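Since the structure comes first, as structure tokens, the remarks are kept for the end.
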Amino acid sequence: MQIPERVPVVPVRGSVIFPTMVMPIDAGRPVSVRAIDAALNGERVVLIVSQRDKEVESPEADDLYGVGTLANILRMRKNPDGSVQMLVQAFARARVRRYESAEGYLTAEVEPIQDVPGDEVEVRALFREVQERFAAILKEGKYLSPDVAQYIQKLEDPSQLADYIAFHMDFKLEDKQKILEMAGVAERLRRVLVLLDAELELIETQRRIQQQVKEEIDRNQREYFLREQMKVIQKELHGEEGEEEVEELRQRIEELNLPENVKKEVDRELGRLARMHPDSAEAAVIRTYLDWIVHLPWNTRTEDNLDIERAKQILEEDHYGLEKVKDRVLEYLAVRKLRYERAKRGEIPAEEVNKGPILLFVGPPGVGKTSIAKSIARALGRKYVRVSLGGVRDESDIRGHRRTYIGAMPGRIIQGLRQAGSKNPVFLLDEVDKMGQSFQGDPAAALLEVLDPAQNKEFTDHYLGVPFDLSEVLFIGTANFPQLIPAPLMDRMELIEFTSYIEQEKLEIARRYLLPRQLEENGLSKGQVHVTEAALMRLITHYTREAGVRNLEREIGSLLRKAARRILEEGKKRVRITERDLERYLGPPRYTPETEAREPQVGVATGMYYTPVGGDIMFVEVSIMPGKGQLILTGQLGDVMKESARAALSYAKKNAERFGIELEKFEKSDIHIHVPAGAIPKEGPSAGIAISSALVSALTEVPVRHDVAMTGEITLTGRVLPIGGVREKVLGARRAGIREVILPRRNEPDLRDIPRNLQRDMTFHFVENLDQALDLALVGGLAELEARAKRAKRARARRKKTQPAAQA
């Protein structure tokens with residue numbers, strides 16, 4: 001048949017037409033109607049081409065495939081709406097050399113594609129395989145019109161078989177187009193064979209899934225019928241209430257998505273409950289157990305808020321000072337955020353995010369250990385649980401009791417998690433150092449598993465009897481005396497030290513937090529009572545003596561209650577409390593800090609001491625009296641302090657000649673060392689310098705400066721060793737009015753802990769040996785001691801000269 005030079009193009013959507021087919025086509029788009037009209041005016045031949053995207057309404061050349069099907073228009077009918085129905089007979093594949101635009105439609109310059117028969121034996125083999133696969137698909141239940149299926153099965157032409165199967169099967173448009181574009185019959189049959197195999201596999205998979213679904217439905221129906229029978233039996237035995245309770249528990253347990261080993265144990269207990277009478281004693285035990293199971297947060301957790309700036313702001317809002325503690329908390333959060341981001345990128349396992357040190361806050365009472373843990377929970381956006389371990393002496397308090405005991409219940413860890421309702425709360429273990437031991441076990445040993453990240457993923461409470469994952473819990477401990485915590489438990493925690501507040505910090509805390517809180521608690525508005533800064537400072541120094549601020553808050557509360565009474569009784573609108581008013585409201589001062597001596601004295605040195613409630617000065621007094629060489633120590637001195645006194649005496653004896661001290665004086669005198677405030681026990685090596693200065697002063701009668709305070713441990717050779725509590729001691733000396741301090745050289749870095757504004761008008765001397773300390777502490781220093789030694793030496797020489805003359 002003669003093919004025209006230009007053939008009108010009829011684009012079709014979602015379909016591919018193959019040669020030898022007679023097909024009805026509906027055309028409604030203008031581009032198609034115009035192409036059909038042009039064909040009817042010419043040779044009645046059109047090129048039917050599939051669109052790449054069926055959504056395109058007015059296709060251009062780029063929207064059409066490069067291979068289509070040439071077809072004769074057998075019949076055509078126009079509808080009233082302008083659309084066209086036509087019957088075409090496809091007769092050849094054709095490759096488009098070039099598309100061109102005509103008047104509102106496309107034409108194509110085409111080249112017919114002739115079939116390439118290929119190897120006859122191969123084609124015949126492929127022909128049979130395709131027939132078998134097609135028959136198999138029909139056998140599997142693939143629906144095709146019986147007439148179409150019969151017609152395809154009777155085809156003898158391999159090329160027609162491939163084309164007709166491709167057209168009638170649900171292959172993708174791209175796959176059908178590829179088959180149209182293939183010239184080789186063998187190649188076409190092979191492609192159809194691959195697609196039929198894929199279809200067969202899809203049908204088999206579909207059937208297998210249907211079978212599995214059917215089996216699952218059958219099993220569920222069987223379980224349903226059995227359960228319904230069980231309900232009826234239970235209803236007859238126990239009434240409706242027991243049956244409803246078991247069913248409710250079953251549903252709640254299903255919703256928990258428990259781990260497999262836990263689910264197995266819980267289902268076993270639930271089965272036992274279902275078979276028991278609801279009023280039996282054992283049913284009550286099982287019911288309580290299951291109630292604990294369903295109320296635990298097995299998979300409930302809160303999302304961490306790892307915004308460092310927000311956490312910093314919250315810590316600053318809630319607490320004044322405690323800079324080292326805040327820094328450590330922010331470091332912890334920063335590390336956690338980096339781990340979370342790495343886990344998100346898949347660089348580390350998700351469980352690594354929760355790994356980290358267990359923090360132990362150590363410090364005196366009232367300095368904010370418990371409250372800062374609450375702030376950490378707030379900053380992280382986690383639930384907060386506090387468990388006090390003070391007085392706990394039974395292992396079961398931590399791990400729970402076995403269910404065989406009457407009144408058994410889980411330990412405090414599981415109880416706390418139920419209270420939190422979250423799997424990852426901030427869990428405060430308060431007063432870890434106050435736990436005891438008894439014949440019932442050691443609770444500190446039970447805590448080892450809880451606080452070990454390698455073990456607590458499988459923590460098993462005796463009551464539950466199944467493992468519970470504690471690895472996501474952030475544990476924080478608090479203690480006053482870390483030395484009371486057993487070493488293995490201490491090894492699992494990172495110690496963060498809370499020091500006592502200095503007066504300036506207490507003043508800020510009182511202004512920012514305590515005063516507003518007490519005003520509210522005592523029914524007063526902000527402007528009704530004004531407490532001056534001087535009054536607050538005197539309240540801190542003369543009415544409280546503590547490391548924290550609890551007593552200070554009580555005193556502020558007492559002050560405000562008395563002010564509230566005045567407002568009501570005297571009808572005042574506003575009360576102003578000054579420093580002078582304190583005695584009227586609270587009585588005379590309860591504590592009077594030591595002040596510096598008025599003038600230098602022989603045998604009296606100013607030392608410094610540290611207590612958990614702050615530092616202060618103390619006076620070391622030495623008196624020399626006739627006697628038998630005894631060393632008398634009074635003032636409730638501890639063993640270490642007594643040893644410091646003996647070391648000071650040995651140093652004085654060793655340097656007696658250098659300092660101008662006669663050795664006979666040690667043999668014929670008693671040396672009495674006393675530290676005032678005799679009712680208060682005193683201990684520690686840091687009074688070594690003060691004792692030595694007072695002793696040398698008493699023996700040489702050179703006064704000790706009254707405006708210098710000193711601290712440091714001494715050795716027999718006169719070396720000065722470092723001591724602790726420098727911050728508190730220096731601030732105590734400053735409070736007493738002393739502005740010059742002698743410290744060991746190795747304590748120089750500790751000055752960084754003292755605010756710069758408090759260091760400004762103070763002088764610090766750092767010494768490495770007692771000679772340097774005595775040079776600073778004694779009036780005139782070492783020069784005065786050496787001058788005295790020379791005078792004593794000359795006096796002894798004169799005595800020696802006069803002795804022979806006197807004998808003669």
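Following the order of the structure tokens, chains are lettered A, B, ..., residues in each are numbered from 1, and ligands are numbered from 1.
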> If you run DSSP on this backbone, which residues of stretch 321-558 of chain A come out as helix (DSSP H, G or I), and could you give them as a PyMOL selection string?
Replying inline: chain A and resi 323-344+350-354+369-380+396-399+412-420+432-434+443-450+456-458+482-484+487-491+503-521+533-542+550-558
>> Just want the 12 Å neighbourhood of A:Gln114, counted on only C-alpha atoms, with same-chain residues fewer than 4 positions away dropped. Output as a PyMOL selection string.
In response: chain A and resi 19+91-95+159+180-185
Keeping only N, CA, C and O atoms, write those residues as an mmCIF file, in the first residue's frame.
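This went into part04.cif:
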data_model
loop_
_atom_site.group_PDB
_atom_site.id
_atom_site.type_symbol
_atom_site.label_atom_id
_atom_site.label_comp_id
_atom_site.auth_asym_id
_atom_site.auth_seq_id
_atom_site.Cartn_x
_atom_site.Cartn_y
_atom_site.Cartn_z
ATOM 1 N N PRO A 19 -0.366 -3.312 14.962
ATOM 2 C CA PRO A 19 -0.779 -3.669 13.584
ATOM 3 C C PRO A 19 -1.746 -4.853 13.587
ATOM 4 O O PRO A 19 -1.718 -5.692 14.495
ATOM 5 N N PHE A 91 -2.257 -1.194 10.227
ATOM 6 C CA PHE A 91 -1.612 -2.105 9.278
ATOM 7 C C PHE A 91 -0.088 -2.095 9.356
ATOM 8 O O PHE A 91 0.557 -2.977 8.786
ATOM 9 N N ALA A 92 0.548 -1.155 10.090
ATOM 10 C CA ALA A 92 2.021 -1.187 10.127
ATOM 11 C C ALA A 92 2.547 -0.320 11.280
ATOM 12 O O ALA A 92 1.928 0.679 11.653
ATOM 13 N N ARG A 93 3.712 -0.768 11.774
ATOM 14 C CA ARG A 93 4.466 0.086 12.698
ATOM 15 C C ARG A 93 5.156 1.171 11.865
ATOM 16 O O ARG A 93 5.526 0.917 10.717
ATOM 17 N N ALA A 94 5.391 2.332 12.471
ATOM 18 C CA ALA A 94 6.069 3.399 11.718
ATOM 19 C C ALA A 94 6.897 4.247 12.676
ATOM 20 O O ALA A 94 6.442 4.608 13.768
ATOM 21 N N ARG A 95 8.128 4.564 12.235
ATOM 22 C CA ARG A 95 9.015 5.433 13.024
ATOM 23 C C ARG A 95 8.895 6.846 12.473
ATOM 24 O O ARG A 95 8.960 7.057 11.253
ATOM 25 N N SER A 159 4.217 -12.926 15.575
ATOM 26 C CA SER A 159 4.204 -11.463 15.714
ATOM 27 C C SER A 159 2.851 -11.004 16.246
ATOM 28 O O SER A 159 2.774 -10.173 17.161
ATOM 29 N N LEU A 180 5.952 -2.216 20.912
ATOM 30 C CA LEU A 180 5.598 -1.634 19.606
ATOM 31 C C LEU A 180 6.850 -1.229 18.840
ATOM 32 O O LEU A 180 6.920 -1.365 17.603
ATOM 33 N N GLU A 181 7.853 -0.712 19.564
ATOM 34 C CA GLU A 181 9.047 -0.201 18.907
ATOM 35 C C GLU A 181 9.993 -1.309 18.456
ATOM 36 O O GLU A 181 10.943 -1.057 17.708
ATOM 37 N N MET A 182 9.809 -2.574 18.916
ATOM 38 C CA MET A 182 10.723 -3.677 18.568
ATOM 39 C C MET A 182 10.390 -4.223 17.184
ATOM 40 O O MET A 182 9.259 -4.655 16.922
ATOM 41 N N ALA A 183 11.392 -4.272 16.304
ATOM 42 C CA ALA A 183 11.204 -4.804 14.938
ATOM 43 C C ALA A 183 11.332 -6.311 14.936
ATOM 44 O O ALA A 183 10.630 -7.031 14.212
ATOM 45 N N GLY A 184 12.224 -6.857 15.764
ATOM 46 C CA GLY A 184 12.475 -8.304 15.780
ATOM 47 C C GLY A 184 11.350 -9.045 16.465
ATOM 48 O O GLY A 184 10.972 -8.712 17.593
ATOM 49 N N VAL A 185 10.830 -10.092 15.789
ATOM 50 C CA VAL A 185 9.730 -10.883 16.352
ATOM 51 C C VAL A 185 10.211 -11.629 17.603
ATOM 52 O O VAL A 185 9.517 -11.693 18.627
#
> Using only C-alpha atoms, which residues sit within 8 Å of stretch 528-540 of chain A once same-chain residues fewer than 5 positions away are excluded, as a VMD selection string?
Replying inline: chain A and resid 503 506 to 507 510 545 552 555 560 563 573 to 580 582
>> Here is a test: counting only C-alpha atoms, which residue of A:Ile671, A:Leu474, A:Ala454, A:Val7 is nearest to A:Ala373?
In response: A:Leu474
>> Env of A:Ile358: 8 Å cut, atoms = only C-alpha atoms, seq-sep filter 6 positions within chain, self excluded. Answer as a list in words.
In response: Leu451, Leu474, Phe475, Ile476, Gly477, Arg492, Met493 and Glu494 of chain A
Can you pull out every residue within 7 Å of A:Arg77, counting only C-alpha atoms, but drop anything in the same chain fewer than 3 positions away, and send it as a tab-separated table (two decimals) with all heavy atoms, in the first residue's frame?
chain	number	residue	atom	x	y	z
A	84	VAL	N	-15.80	12.94	17.36
A	84	VAL	CA	-15.79	12.02	16.21
A	84	VAL	C	-15.65	10.61	16.70
A	84	VAL	O	-14.86	10.33	17.62
A	84	VAL	CB	-14.62	12.38	15.26
A	84	VAL	CG1	-14.47	11.32	14.18
A	84	VAL	CG2	-14.84	13.73	14.63
A	85	GLN	N	-16.39	9.66	16.12
A	85	GLN	CA	-16.21	8.22	16.36
A	85	GLN	C	-15.79	7.59	15.03
A	85	GLN	O	-16.45	7.80	14.01
A	85	GLN	CB	-17.51	7.59	16.84
A	85	GLN	CG	-17.89	7.98	18.25
A	85	GLN	CD	-19.20	7.35	18.68
A	85	GLN	OE1	-20.14	7.25	17.86
A	85	GLN	NE2	-19.27	6.94	19.93
A	86	MET	N	-14.70	6.83	15.11
A	86	MET	CA	-14.25	6.21	13.86
A	86	MET	C	-13.77	4.80	14.12
A	86	MET	O	-13.38	4.46	15.25
A	86	MET	CB	-13.15	7.05	13.22
A	86	MET	CG	-11.86	7.14	14.00
A	86	MET	SD	-10.58	8.01	13.10
A	86	MET	CE	-9.24	7.98	14.28
>> Quick one: residues within 8 Å of A:Val46, only C-alpha atoms, excluding same-chain residues fewer than 6 positions away - as an NGL selection string?
In response: :A and (7-10 or 35-36 or 39 or 70-73)
Residues as selected, N, CA, C and O atoms, written as a PDB file, in the first residue's frame, can you do that?
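Result file follows (part35.pdb):
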ATOM      1  N   VAL A   7       1.610  12.305   6.967  1.00  0.00           N
ATOM      2  CA  VAL A   7       0.469  11.581   7.544  1.00  0.00           C
ATOM      3  C   VAL A   7      -0.042  12.390   8.732  1.00  0.00           C
ATOM      4  O   VAL A   7       0.737  12.762   9.623  1.00  0.00           O
ATOM      5  N   PRO A   8      -1.377  12.681   8.756  1.00  0.00           N
ATOM      6  CA  PRO A   8      -1.927  13.351   9.947  1.00  0.00           C
ATOM      7  C   PRO A   8      -1.748  12.480  11.191  1.00  0.00           C
ATOM      8  O   PRO A   8      -1.862  11.253  11.121  1.00  0.00           O
ATOM      9  N   VAL A   9      -1.486  13.143  12.331  1.00  0.00           N
ATOM     10  CA  VAL A   9      -1.198  12.432  13.595  1.00  0.00           C
ATOM     11  C   VAL A   9      -2.405  12.547  14.525  1.00  0.00           C
ATOM     12  O   VAL A   9      -2.891  13.646  14.789  1.00  0.00           O
ATOM     13  N   VAL A  10      -2.862  11.365  15.021  1.00  0.00           N
ATOM     14  CA  VAL A  10      -3.938  11.337  16.025  1.00  0.00           C
ATOM     15  C   VAL A  10      -3.328  10.871  17.358  1.00  0.00           C
ATOM     16  O   VAL A  10      -3.000   9.692  17.504  1.00  0.00           O
ATOM     17  N   ALA A  35      -7.025  16.428  12.551  1.00  0.00           N
ATOM     18  CA  ALA A  35      -6.165  15.444  11.882  1.00  0.00           C
ATOM     19  C   ALA A  35      -7.014  14.411  11.121  1.00  0.00           C
ATOM     20  O   ALA A  35      -6.677  14.007   9.995  1.00  0.00           O
ATOM     21  N   ILE A  36      -8.128  13.987  11.711  1.00  0.00           N
ATOM     22  CA  ILE A  36      -9.014  13.002  11.059  1.00  0.00           C
ATOM     23  C   ILE A  36      -9.645  13.606   9.800  1.00  0.00           C
ATOM     24  O   ILE A  36      -9.733  12.964   8.754  1.00  0.00           O
ATOM     25  N   ALA A  39      -7.177  13.591   7.069  1.00  0.00           N
ATOM     26  CA  ALA A  39      -6.973  12.238   6.510  1.00  0.00           C
ATOM     27  C   ALA A  39      -8.110  11.864   5.574  1.00  0.00           C
ATOM     28  O   ALA A  39      -7.895  11.245   4.521  1.00  0.00           O
ATOM     29  N   LEU A  70       0.420   3.016  11.881  1.00  0.00           N
ATOM     30  CA  LEU A  70      -0.326   3.524  10.724  1.00  0.00           C
ATOM     31  C   LEU A  70      -1.648   2.777  10.615  1.00  0.00           C
ATOM     32  O   LEU A  70      -1.688   1.552  10.793  1.00  0.00           O
ATOM     33  N   ALA A  71      -2.743   3.524  10.329  1.00  0.00           N
ATOM     34  CA  ALA A  71      -4.065   2.885  10.286  1.00  0.00           C
ATOM     35  C   ALA A  71      -4.925   3.533   9.201  1.00  0.00           C
ATOM     36  O   ALA A  71      -4.823   4.740   8.936  1.00  0.00           O
ATOM     37  N   ASN A  72      -5.775   2.696   8.605  1.00  0.00           N
ATOM     38  CA  ASN A  72      -6.771   3.184   7.647  1.00  0.00           C
ATOM     39  C   ASN A  72      -8.058   3.497   8.397  1.00  0.00           C
ATOM     40  O   ASN A  72      -8.466   2.749   9.297  1.00  0.00           O
ATOM     41  N   ILE A  73      -8.717   4.590   7.983  1.00  0.00           N
ATOM     42  CA  ILE A  73     -10.025   4.917   8.565  1.00  0.00           C
ATOM     43  C   ILE A  73     -11.071   4.161   7.749  1.00  0.00           C
ATOM     44  O   ILE A  73     -11.259   4.413   6.549  1.00  0.00           O
TER      45      ILE A  73
END
